[in-house]
Every structure is written in structure tokens, then in C-alpha cells.
file start-v6.txt (compact mmCIF, N, CA and C atoms)
# COMPACT_ATOMS: atom_id res chain seq x y z
N MET A 242 53.21 -125.79 39.51
CA MET A 242 54.27 -126.76 39.51
C MET A 242 53.96 -127.83 38.48
N ARG A 243 54.23 -127.49 37.24
CA ARG A 243 54.02 -128.44 36.15
C ARG A 243 55.07 -128.27 35.10
N LEU A 244 55.17 -129.23 34.21
CA LEU A 244 56.12 -129.19 33.11
C LEU A 244 55.36 -128.88 31.83
N VAL A 245 56.10 -128.37 30.84
CA VAL A 245 55.46 -128.12 29.55
C VAL A 245 55.09 -129.46 28.91
N PRO A 246 54.02 -129.51 28.13
CA PRO A 246 53.57 -130.79 27.56
C PRO A 246 54.61 -131.50 26.68
N THR A 247 55.56 -130.78 26.10
CA THR A 247 56.55 -131.41 25.22
C THR A 247 57.76 -131.95 25.99
N ASN A 248 57.80 -131.75 27.28
CA ASN A 248 58.94 -132.21 28.09
C ASN A 248 58.97 -133.74 28.11
N PRO A 249 60.11 -134.35 27.79
CA PRO A 249 60.17 -135.82 27.77
C PRO A 249 59.97 -136.46 29.15
N MET A 250 60.21 -135.73 30.22
CA MET A 250 60.01 -136.30 31.56
C MET A 250 58.52 -136.49 31.87
N GLY A 251 57.66 -135.83 31.10
CA GLY A 251 56.23 -136.02 31.29
C GLY A 251 55.81 -137.46 31.07
N ARG A 252 56.41 -138.12 30.08
CA ARG A 252 56.09 -139.52 29.82
C ARG A 252 56.57 -140.41 30.97
N VAL A 253 57.71 -140.09 31.53
CA VAL A 253 58.22 -140.86 32.66
C VAL A 253 57.30 -140.70 33.85
N MET A 254 56.85 -139.48 34.09
CA MET A 254 55.95 -139.22 35.21
C MET A 254 54.60 -139.90 34.99
N LEU A 255 54.14 -139.97 33.75
CA LEU A 255 52.93 -140.69 33.44
C LEU A 255 53.11 -142.18 33.75
N SER A 256 54.27 -142.72 33.42
CA SER A 256 54.55 -144.12 33.73
C SER A 256 54.57 -144.37 35.24
N ILE A 257 55.12 -143.44 35.98
CA ILE A 257 55.13 -143.57 37.44
C ILE A 257 53.71 -143.65 37.97
N LEU A 258 52.83 -142.80 37.47
CA LEU A 258 51.44 -142.82 37.92
C LEU A 258 50.76 -144.13 37.55
N ALA A 259 51.05 -144.66 36.37
CA ALA A 259 50.45 -145.93 35.96
C ALA A 259 50.92 -147.07 36.86
N PHE A 260 52.21 -147.10 37.16
CA PHE A 260 52.73 -148.14 38.05
C PHE A 260 52.18 -147.98 39.47
N GLU A 261 51.98 -146.75 39.88
CA GLU A 261 51.39 -146.53 41.21
C GLU A 261 49.98 -147.10 41.28
N ALA A 262 49.22 -146.94 40.20
CA ALA A 262 47.86 -147.49 40.19
C ALA A 262 47.90 -149.00 40.39
N ILE A 263 48.86 -149.66 39.74
CA ILE A 263 48.99 -151.11 39.90
C ILE A 263 49.36 -151.46 41.34
N VAL A 264 50.32 -150.73 41.90
CA VAL A 264 50.77 -151.01 43.26
C VAL A 264 49.65 -150.75 44.27
N PHE A 265 48.85 -149.71 44.04
CA PHE A 265 47.73 -149.45 44.94
C PHE A 265 46.75 -150.61 44.94
N GLY A 266 46.51 -151.19 43.77
CA GLY A 266 45.64 -152.34 43.71
C GLY A 266 46.24 -153.54 44.44
N LEU A 267 47.55 -153.74 44.30
CA LEU A 267 48.21 -154.85 44.98
C LEU A 267 48.28 -154.62 46.50
N ALA A 268 48.28 -153.38 46.91
CA ALA A 268 48.36 -153.08 48.35
C ALA A 268 47.09 -153.49 49.09
N ILE A 269 46.02 -153.70 48.37
CA ILE A 269 44.76 -154.12 49.01
C ILE A 269 44.98 -155.42 49.77
N ALA A 270 45.66 -156.38 49.14
CA ALA A 270 45.91 -157.66 49.80
C ALA A 270 46.77 -157.47 51.05
N GLY A 271 47.75 -156.59 50.97
CA GLY A 271 48.59 -156.32 52.14
C GLY A 271 47.80 -155.69 53.27
N MET A 272 46.89 -154.80 52.92
CA MET A 272 46.07 -154.18 53.96
C MET A 272 45.20 -155.21 54.66
N ILE A 273 44.67 -156.16 53.89
CA ILE A 273 43.77 -157.16 54.46
C ILE A 273 44.56 -158.21 55.24
N GLN A 274 45.59 -158.77 54.63
CA GLN A 274 46.30 -159.90 55.22
C GLN A 274 47.28 -159.49 56.31
N VAL A 275 48.03 -158.43 56.07
CA VAL A 275 49.09 -158.05 57.01
C VAL A 275 48.56 -157.13 58.11
N SER A 276 47.76 -156.14 57.73
CA SER A 276 47.34 -155.13 58.70
C SER A 276 45.94 -155.34 59.25
N ASN A 277 45.26 -156.39 58.81
CA ASN A 277 43.91 -156.71 59.30
C ASN A 277 42.91 -155.57 59.13
N ILE A 278 43.04 -154.83 58.04
CA ILE A 278 42.08 -153.78 57.70
C ILE A 278 40.82 -154.48 57.16
N PRO A 279 39.63 -154.03 57.52
CA PRO A 279 38.42 -154.64 56.95
C PRO A 279 38.43 -154.59 55.42
N VAL A 280 37.86 -155.61 54.82
CA VAL A 280 37.91 -155.77 53.36
C VAL A 280 37.34 -154.54 52.65
N ALA A 281 36.21 -154.06 53.08
CA ALA A 281 35.59 -152.91 52.42
C ALA A 281 36.48 -151.67 52.52
N THR A 282 37.09 -151.46 53.67
CA THR A 282 37.97 -150.31 53.85
C THR A 282 39.21 -150.44 52.97
N ALA A 283 39.78 -151.64 52.93
CA ALA A 283 40.98 -151.87 52.11
C ALA A 283 40.68 -151.62 50.64
N PHE A 284 39.56 -152.16 50.16
CA PHE A 284 39.19 -151.93 48.76
C PHE A 284 38.92 -150.45 48.50
N GLY A 285 38.25 -149.77 49.41
CA GLY A 285 37.99 -148.35 49.23
C GLY A 285 39.26 -147.53 49.13
N LEU A 286 40.19 -147.80 50.03
CA LEU A 286 41.46 -147.06 50.02
C LEU A 286 42.29 -147.38 48.77
N GLY A 287 42.41 -148.67 48.47
CA GLY A 287 43.24 -149.08 47.33
C GLY A 287 42.67 -148.63 46.00
N ILE A 288 41.40 -148.87 45.80
CA ILE A 288 40.76 -148.48 44.53
C ILE A 288 40.69 -146.96 44.43
N GLY A 289 40.41 -146.28 45.53
CA GLY A 289 40.37 -144.81 45.50
C GLY A 289 41.71 -144.21 45.10
N ALA A 290 42.79 -144.73 45.68
CA ALA A 290 44.12 -144.23 45.33
C ALA A 290 44.48 -144.59 43.89
N ALA A 291 44.08 -145.78 43.44
CA ALA A 291 44.36 -146.18 42.06
C ALA A 291 43.62 -145.29 41.07
N VAL A 292 42.37 -144.99 41.36
CA VAL A 292 41.59 -144.10 40.49
C VAL A 292 42.21 -142.72 40.45
N LEU A 293 42.67 -142.23 41.60
CA LEU A 293 43.34 -140.93 41.64
C LEU A 293 44.59 -140.94 40.76
N ALA A 294 45.38 -142.00 40.83
CA ALA A 294 46.60 -142.10 40.01
C ALA A 294 46.25 -142.16 38.53
N LEU A 295 45.24 -142.93 38.17
CA LEU A 295 44.85 -143.02 36.75
C LEU A 295 44.26 -141.72 36.24
N LEU A 296 43.51 -141.03 37.08
CA LEU A 296 42.95 -139.73 36.69
C LEU A 296 44.07 -138.72 36.48
N ALA A 297 45.06 -138.73 37.38
CA ALA A 297 46.20 -137.82 37.22
C ALA A 297 46.96 -138.15 35.94
N ALA A 298 47.14 -139.43 35.65
CA ALA A 298 47.85 -139.82 34.43
C ALA A 298 47.09 -139.38 33.19
N ALA A 299 45.77 -139.52 33.22
CA ALA A 299 44.95 -139.14 32.06
C ALA A 299 44.97 -137.63 31.83
N LEU A 300 45.10 -136.86 32.90
CA LEU A 300 45.04 -135.40 32.78
C LEU A 300 46.41 -134.74 32.84
N LEU A 301 47.48 -135.49 32.70
CA LEU A 301 48.81 -134.93 32.92
C LEU A 301 49.16 -133.82 31.94
N ARG A 302 48.59 -133.79 30.77
CA ARG A 302 48.88 -132.72 29.80
C ARG A 302 47.93 -131.54 29.94
N ARG A 303 47.02 -131.62 30.89
CA ARG A 303 46.06 -130.53 31.13
C ARG A 303 46.37 -129.89 32.48
N PRO A 304 45.84 -128.71 32.74
CA PRO A 304 46.17 -128.00 33.99
C PRO A 304 45.94 -128.77 35.28
N PRO A 305 44.87 -129.56 35.45
CA PRO A 305 44.73 -130.24 36.75
C PRO A 305 45.60 -131.50 36.91
N GLY A 306 46.29 -131.91 35.88
CA GLY A 306 47.04 -133.16 35.91
C GLY A 306 48.16 -133.19 36.93
N TYR A 307 49.02 -132.17 36.93
CA TYR A 307 50.15 -132.18 37.86
C TYR A 307 49.72 -132.02 39.32
N PRO A 308 48.77 -131.13 39.63
CA PRO A 308 48.31 -131.10 41.03
C PRO A 308 47.74 -132.45 41.49
N LEU A 309 47.02 -133.14 40.60
CA LEU A 309 46.51 -134.47 40.95
C LEU A 309 47.66 -135.46 41.12
N GLY A 310 48.72 -135.30 40.32
CA GLY A 310 49.89 -136.15 40.46
C GLY A 310 50.58 -135.95 41.80
N TRP A 311 50.71 -134.69 42.22
CA TRP A 311 51.30 -134.40 43.53
C TRP A 311 50.40 -134.96 44.64
N LEU A 312 49.09 -134.84 44.47
CA LEU A 312 48.15 -135.38 45.45
C LEU A 312 48.26 -136.91 45.52
N THR A 313 48.51 -137.53 44.38
CA THR A 313 48.70 -138.98 44.35
C THR A 313 49.91 -139.38 45.17
N GLN A 314 50.96 -138.58 45.13
CA GLN A 314 52.16 -138.90 45.93
C GLN A 314 51.86 -138.80 47.43
N VAL A 315 51.06 -137.82 47.79
CA VAL A 315 50.65 -137.69 49.19
C VAL A 315 49.81 -138.90 49.59
N ALA A 316 48.90 -139.31 48.71
CA ALA A 316 48.05 -140.47 49.00
C ALA A 316 48.88 -141.74 49.11
N ALA A 317 49.92 -141.86 48.29
CA ALA A 317 50.77 -143.06 48.33
C ALA A 317 51.45 -143.19 49.69
N VAL A 318 51.98 -142.10 50.20
CA VAL A 318 52.63 -142.14 51.50
C VAL A 318 51.59 -142.29 52.61
N ALA A 319 50.44 -141.64 52.45
CA ALA A 319 49.40 -141.72 53.47
C ALA A 319 48.81 -143.12 53.60
N LEU A 320 48.90 -143.93 52.56
CA LEU A 320 48.43 -145.31 52.68
C LEU A 320 49.24 -146.09 53.71
N GLY A 321 50.38 -145.55 54.09
CA GLY A 321 51.16 -146.16 55.16
C GLY A 321 50.41 -146.18 56.48
N LEU A 322 49.43 -145.31 56.63
CA LEU A 322 48.60 -145.33 57.83
C LEU A 322 47.76 -146.61 57.88
N ALA A 323 47.42 -147.14 56.71
CA ALA A 323 46.63 -148.36 56.65
C ALA A 323 47.51 -149.60 56.71
N THR A 324 48.65 -149.55 56.07
CA THR A 324 49.59 -150.68 56.13
C THR A 324 51.01 -150.11 56.03
N PRO A 325 51.85 -150.39 57.01
CA PRO A 325 53.17 -149.74 57.09
C PRO A 325 54.07 -149.93 55.87
N MET A 326 53.87 -151.01 55.10
CA MET A 326 54.73 -151.22 53.93
C MET A 326 54.57 -150.09 52.91
N MET A 327 53.42 -149.42 52.94
CA MET A 327 53.18 -148.35 51.98
C MET A 327 53.95 -147.07 52.31
N TYR A 328 54.45 -146.94 53.53
CA TYR A 328 55.34 -145.81 53.80
C TYR A 328 56.57 -145.91 52.91
N ALA A 329 57.16 -147.10 52.85
CA ALA A 329 58.36 -147.29 52.04
C ALA A 329 58.05 -147.23 50.55
N VAL A 330 57.01 -147.95 50.13
CA VAL A 330 56.68 -147.99 48.71
C VAL A 330 56.20 -146.62 48.23
N GLY A 331 55.33 -145.99 48.99
CA GLY A 331 54.86 -144.66 48.62
C GLY A 331 55.97 -143.64 48.64
N GLY A 332 56.88 -143.78 49.60
CA GLY A 332 58.02 -142.87 49.66
C GLY A 332 58.93 -143.02 48.44
N MET A 333 59.12 -144.25 47.99
CA MET A 333 59.95 -144.46 46.80
C MET A 333 59.30 -143.85 45.56
N PHE A 334 57.99 -144.05 45.42
CA PHE A 334 57.30 -143.45 44.28
C PHE A 334 57.34 -141.92 44.36
N ALA A 335 57.15 -141.37 45.54
CA ALA A 335 57.20 -139.91 45.70
C ALA A 335 58.59 -139.39 45.36
N LEU A 336 59.63 -140.11 45.78
CA LEU A 336 60.99 -139.71 45.46
C LEU A 336 61.22 -139.75 43.95
N LEU A 337 60.76 -140.80 43.29
CA LEU A 337 60.88 -140.87 41.83
C LEU A 337 60.17 -139.71 41.16
N TRP A 338 58.97 -139.39 41.65
CA TRP A 338 58.18 -138.29 41.09
C TRP A 338 58.95 -136.96 41.21
N VAL A 339 59.49 -136.70 42.39
CA VAL A 339 60.21 -135.45 42.63
C VAL A 339 61.47 -135.38 41.76
N VAL A 340 62.22 -136.48 41.68
CA VAL A 340 63.44 -136.50 40.88
C VAL A 340 63.11 -136.25 39.40
N CYS A 341 62.08 -136.90 38.90
CA CYS A 341 61.69 -136.69 37.50
C CYS A 341 61.23 -135.26 37.27
N PHE A 342 60.54 -134.70 38.23
CA PHE A 342 60.10 -133.31 38.09
C PHE A 342 61.30 -132.36 38.06
N VAL A 343 62.26 -132.59 38.94
CA VAL A 343 63.46 -131.74 38.98
C VAL A 343 64.23 -131.87 37.66
N PHE A 344 64.40 -133.09 37.17
CA PHE A 344 65.10 -133.27 35.90
C PHE A 344 64.33 -132.62 34.76
N GLY A 345 63.01 -132.69 34.79
CA GLY A 345 62.19 -132.03 33.78
C GLY A 345 62.38 -130.53 33.79
N ARG A 346 62.46 -129.95 34.98
CA ARG A 346 62.71 -128.51 35.08
C ARG A 346 64.08 -128.15 34.52
N ARG A 347 65.08 -129.00 34.79
CA ARG A 347 66.42 -128.75 34.24
C ARG A 347 66.41 -128.81 32.72
N ILE A 348 65.67 -129.76 32.18
CA ILE A 348 65.57 -129.86 30.72
C ILE A 348 64.95 -128.60 30.15
N GLU A 349 63.93 -128.08 30.82
CA GLU A 349 63.27 -126.86 30.33
C GLU A 349 64.18 -125.65 30.39
N ARG A 350 65.09 -125.61 31.37
CA ARG A 350 65.99 -124.46 31.50
C ARG A 350 67.19 -124.55 30.57
N THR A 351 67.50 -125.74 30.07
CA THR A 351 68.66 -125.92 29.20
C THR A 351 68.35 -125.30 27.84
N PRO A 352 69.24 -124.45 27.35
CA PRO A 352 68.99 -123.85 26.03
C PRO A 352 69.09 -124.92 24.94
N PRO A 353 68.34 -124.76 23.85
CA PRO A 353 68.37 -125.75 22.77
C PRO A 353 69.76 -125.81 22.14
N ALA A 354 70.16 -126.98 21.73
CA ALA A 354 71.47 -127.15 21.09
C ALA A 354 71.48 -126.52 19.72
N ARG A 355 72.58 -125.88 19.40
CA ARG A 355 72.72 -125.30 18.07
C ARG A 355 73.33 -126.35 17.15
N PRO A 356 72.89 -126.39 15.91
CA PRO A 356 73.47 -127.36 14.98
C PRO A 356 74.94 -127.02 14.71
N PRO A 357 75.76 -128.06 14.46
CA PRO A 357 77.18 -127.78 14.20
C PRO A 357 77.36 -126.97 12.92
N ALA A 358 78.37 -126.13 12.91
CA ALA A 358 78.61 -125.24 11.77
C ALA A 358 79.28 -125.97 10.62
call {"tool": "encode", "arguments": {"input": "start-v6.txt", "output": "C-alpha cells"}}
result
Amino acid sequence: MRLVPTNPMGRVMLSILAFEAIVFGLAIAGMIQVSNIPVATAFGLGIGAAVLALLAAALLRRPPGYPLGWLTQVAAVALGLATPMMYAVGGMFALLWVVCFVFGRRIERTPPARPPA
């Protein structure tokens, strides 16, 4: 489940992963302040998810990139177990990821335009 490296939706999906890394870092404060998660646990979860997102973004043009991207979406929603706000935020990012992937597949199936005669 990956797109060809020349697909323009790949850049959008890379941007999604980069923004997710930022949000995962910001979620640390929510885990500590709102959900009373211990500081070490909050940092471990937030930084771990952010590293996963950045690793997926860095490898998006290579074979392990897209599986890591899908795993990042699972991690985004799973962070809701630590703080409920991440169910909504992770769900929105996962929805964006799926929509971009579907549009990328449509782009790949569309035949190239012929130049006008």
C-alpha cells in the first residue's frame, strides 16, 4: 500500500507526517496537564510517536516509508488512550492520510493527458 515516488500526493502525505510530529510534541503538555500522565511517560509517548512520524517522513520514498506512515496513523489514534483529545486529533490526521492516499491512487490510475492536436 504505497504510491509511486513521482506521485504529487506523496509530498502532501510527507507534510501530514511532519505536522503530526509537531502535534505529538505538543500533546505532551496535554497528557501531563489534562490527563495527569506522569512526565516521563508523557515524554516517552510523545517523543516516540514524533520520532516514528519523522522516520516515516524521511523514508517515504523507500519501501518501509508507507508502512511506517500507516503505523504512525495507528499511533496517533492510540495516543487517545493517554489523553482523550488525541482520539479526535489523531482521527483527523488519519482521515487526511487516507484521503490523500485514495487521491494518490486515483492520480496513478488516470491516463496521462494527450497534448492538443
call {"tool": "closest_residue", "arguments": {"input": "start-v6.txt", "among": "A:Thr351, A:Asn248, A:Gln314, A:Thr324", "to": "Ala294 (chain A)", "atoms": "only C-alpha atoms"}}
result
A:Gln314
call {"tool": "atom_distance", "arguments": {"input": "start-v6.txt", "atom1": "CA of Gly289 (chain A)", "atom2": "CA of Ala317 (chain A)"}}
result
10.9 Å
call {"tool": "atom_distance", "arguments": {"input": "start-v6.txt", "atom1": "CA of Ala290 (chain A)", "atom2": "CA of Arg347 (chain A)"}}
result
29.3 Å
call {"tool": "residues_around", "arguments": {"input": "start-v6.txt", "residues": "region 305-308 of chain A", "least_positions_apart": "4", "cutoff": "8 Å", "atoms": "only C-alpha atoms", "output": "number ranges by chain"}}
result
A: 242-243, 296-301, 312
call {"tool": "closest_residue", "arguments": {"input": "start-v6.txt", "among": "A:Ile278, A:Ala291, A:Gly251, A:Ala283", "to": "Val264 (chain A)", "atoms": "all atoms listed in the file"}}
result
A:Ala291
call {"tool": "closest_residue", "arguments": {"input": "start-v6.txt", "among": "A:Ile348, A:Met326, A:Ala270, A:Ala358", "to": "Val245 (chain A)", "atoms": "only C-alpha atoms"}}
result
A:Ile348
call {"tool": "select_by_dssp", "arguments": {"input": "start-v6.txt", "residues": "region 260-331 of chain A", "states": "helix (DSSP H, G or I)", "output": "PyMOL selection string"}}
result
chain A and resi 260-274+280-299+306-322+326-331
call {"tool": "atom_distance", "arguments": {"input": "start-v6.txt", "atom1": "atom N of Glu349 (chain A)", "atom2": "CA of Leu244 (chain A)"}}
result
8.2 Å
call {"tool": "decode", "arguments": {"input": "start-v6.txt", "residues": "region 302-316 of chain A", "atoms": "all heavy atoms", "output": "CSV table (one decimal), in the first residue's frame"}}
result
chain,number,residue,atom,x,y,z
A,302,ARG,N,9.9,7.7,0.4
A,302,ARG,CA,10.2,7.3,-1.0
A,302,ARG,C,10.9,5.9,-1.1
A,302,ARG,O,11.2,5.5,-2.1
A,302,ARG,CB,11.1,8.4,-1.6
A,302,ARG,CG,10.4,9.6,-1.9
A,302,ARG,CD,11.3,10.6,-2.7
A,302,ARG,NE,10.5,11.8,-3.0
A,302,ARG,CZ,10.3,12.1,-4.3
A,302,ARG,NH1,10.7,11.4,-5.3
A,302,ARG,NH2,9.6,13.2,-4.5
A,303,ARG,N,11.1,5.3,0.1
A,303,ARG,CA,11.7,4.0,0.1
A,303,ARG,C,10.6,3.0,0.6
A,303,ARG,O,9.6,3.3,1.1
A,303,ARG,CB,12.8,4.0,1.1
A,303,ARG,CG,14.0,4.9,0.6
A,303,ARG,CD,15.2,4.7,1.4
A,303,ARG,NE,16.3,5.4,0.8
A,303,ARG,CZ,16.5,6.7,1.0
A,303,ARG,NH1,15.7,7.5,1.6
A,303,ARG,NH2,17.6,7.3,0.4
A,304,PRO,N,10.8,1.7,0.4
A,304,PRO,CA,9.8,0.7,0.7
A,304,PRO,C,9.3,0.7,2.1
A,304,PRO,O,8.1,0.6,2.3
A,304,PRO,CB,10.6,-0.6,0.4
A,304,PRO,CG,11.5,-0.3,-0.6
A,304,PRO,CD,12.0,1.1,-0.3
A,305,PRO,N,10.1,1.0,3.2
A,305,PRO,CA,9.4,0.9,4.5
A,305,PRO,C,8.7,2.2,4.9
A,305,PRO,O,8.0,2.3,5.9
A,305,PRO,CB,10.6,0.8,5.5
A,305,PRO,CG,11.8,1.3,4.7
A,305,PRO,CD,11.5,1.0,3.3
A,306,GLY,N,8.7,3.2,4.1
A,306,GLY,CA,8.1,4.5,4.4
A,306,GLY,C,6.6,4.5,4.6
A,306,GLY,O,6.1,5.0,5.6
A,307,TYR,N,5.9,3.9,3.6
A,307,TYR,CA,4.5,3.9,3.7
A,307,TYR,C,3.9,3.0,4.9
A,307,TYR,O,3.0,3.4,5.6
A,307,TYR,CB,3.8,3.5,2.4
A,307,TYR,CG,3.8,4.7,1.5
A,307,TYR,CD1,4.8,5.0,0.6
A,307,TYR,CD2,2.7,5.6,1.5
A,307,TYR,CE1,4.7,6.1,-0.2
A,307,TYR,CE2,2.6,6.7,0.7
A,307,TYR,CZ,3.7,7.0,-0.2
A,307,TYR,OH,3.6,8.1,-1.0
A,308,PRO,N,4.5,1.8,5.1
A,308,PRO,CA,4.1,1.1,6.2
A,308,PRO,C,4.3,1.8,7.6
A,308,PRO,O,3.5,1.8,8.5
A,308,PRO,CB,4.9,-0.2,6.2
A,308,PRO,CG,5.2,-0.4,4.7
A,308,PRO,CD,5.4,1.0,4.2
A,309,LEU,N,5.4,2.5,7.6
A,309,LEU,CA,5.7,3.3,8.8
A,309,LEU,C,4.7,4.5,8.9
A,309,LEU,O,4.3,4.9,10.0
A,309,LEU,CB,7.1,3.9,8.8
A,309,LEU,CG,8.2,2.9,9.2
A,309,LEU,CD1,9.6,3.5,9.0
A,309,LEU,CD2,8.0,2.3,10.6
A,310,GLY,N,4.3,5.0,7.8
A,310,GLY,CA,3.3,6.1,7.8
A,310,GLY,C,1.9,5.6,8.3
A,310,GLY,O,1.2,6.3,9.0
A,311,TRP,N,1.5,4.4,7.8
A,311,TRP,CA,0.3,3.8,8.3
A,311,TRP,C,0.4,3.5,9.8
A,311,TRP,O,-0.6,3.7,10.5
A,311,TRP,CB,0.0,2.5,7.5
A,311,TRP,CG,-0.5,2.8,6.1
A,311,TRP,CD1,0.3,2.6,5.0
A,311,TRP,CD2,-1.8,3.3,5.7
A,311,TRP,NE1,-0.5,3.0,3.9
A,311,TRP,CE2,-1.7,3.4,4.3
A,311,TRP,CE3,-2.9,3.6,6.3
A,311,TRP,CZ2,-2.8,3.8,3.5
A,311,TRP,CZ3,-4.0,4.1,5.6
A,311,TRP,CH2,-3.9,4.2,4.2
A,312,LEU,N,1.5,3.0,10.3
A,312,LEU,CA,1.7,2.8,11.7
A,312,LEU,C,1.7,4.1,12.5
A,312,LEU,O,1.1,4.1,13.6
A,312,LEU,CB,3.1,2.1,11.9
A,312,LEU,CG,3.4,1.7,13.3
A,312,LEU,CD1,2.4,0.7,13.8
A,312,LEU,CD2,4.8,1.1,13.4
A,313,THR,N,2.1,5.2,11.9
A,313,THR,CA,2.0,6.5,12.6
A,313,THR,C,0.6,6.9,12.8
A,313,THR,O,0.2,7.4,13.8
A,313,THR,CB,2.8,7.5,11.7
A,313,THR,OG1,4.1,7.2,11.6
A,313,THR,CG2,2.7,8.9,12.4
A,314,GLN,N,-0.3,6.5,11.8
A,314,GLN,CA,-1.7,6.9,12.0
A,314,GLN,C,-2.3,6.1,13.1
A,314,GLN,O,-3.1,6.6,13.8
A,314,GLN,CB,-2.4,6.6,10.6
A,314,GLN,CG,-1.9,7.4,9.4
A,314,GLN,CD,-1.4,8.8,9.7
A,314,GLN,OE1,-2.2,9.6,10.3
A,314,GLN,NE2,-0.2,9.1,9.4
A,315,VAL,N,-1.9,4.8,13.2
A,315,VAL,CA,-2.4,4.0,14.3
A,315,VAL,C,-1.9,4.6,15.6
A,315,VAL,O,-2.7,4.7,16.6
A,315,VAL,CB,-1.9,2.5,14.1
A,315,VAL,CG1,-2.3,1.7,15.3
A,315,VAL,CG2,-2.6,1.9,12.9
A,316,ALA,N,-0.7,5.0,15.7
A,316,ALA,CA,-0.1,5.6,16.9
A,316,ALA,C,-0.8,6.9,17.3
A,316,ALA,O,-1.0,7.1,18.4
A,316,ALA,CB,1.4,5.8,16.7
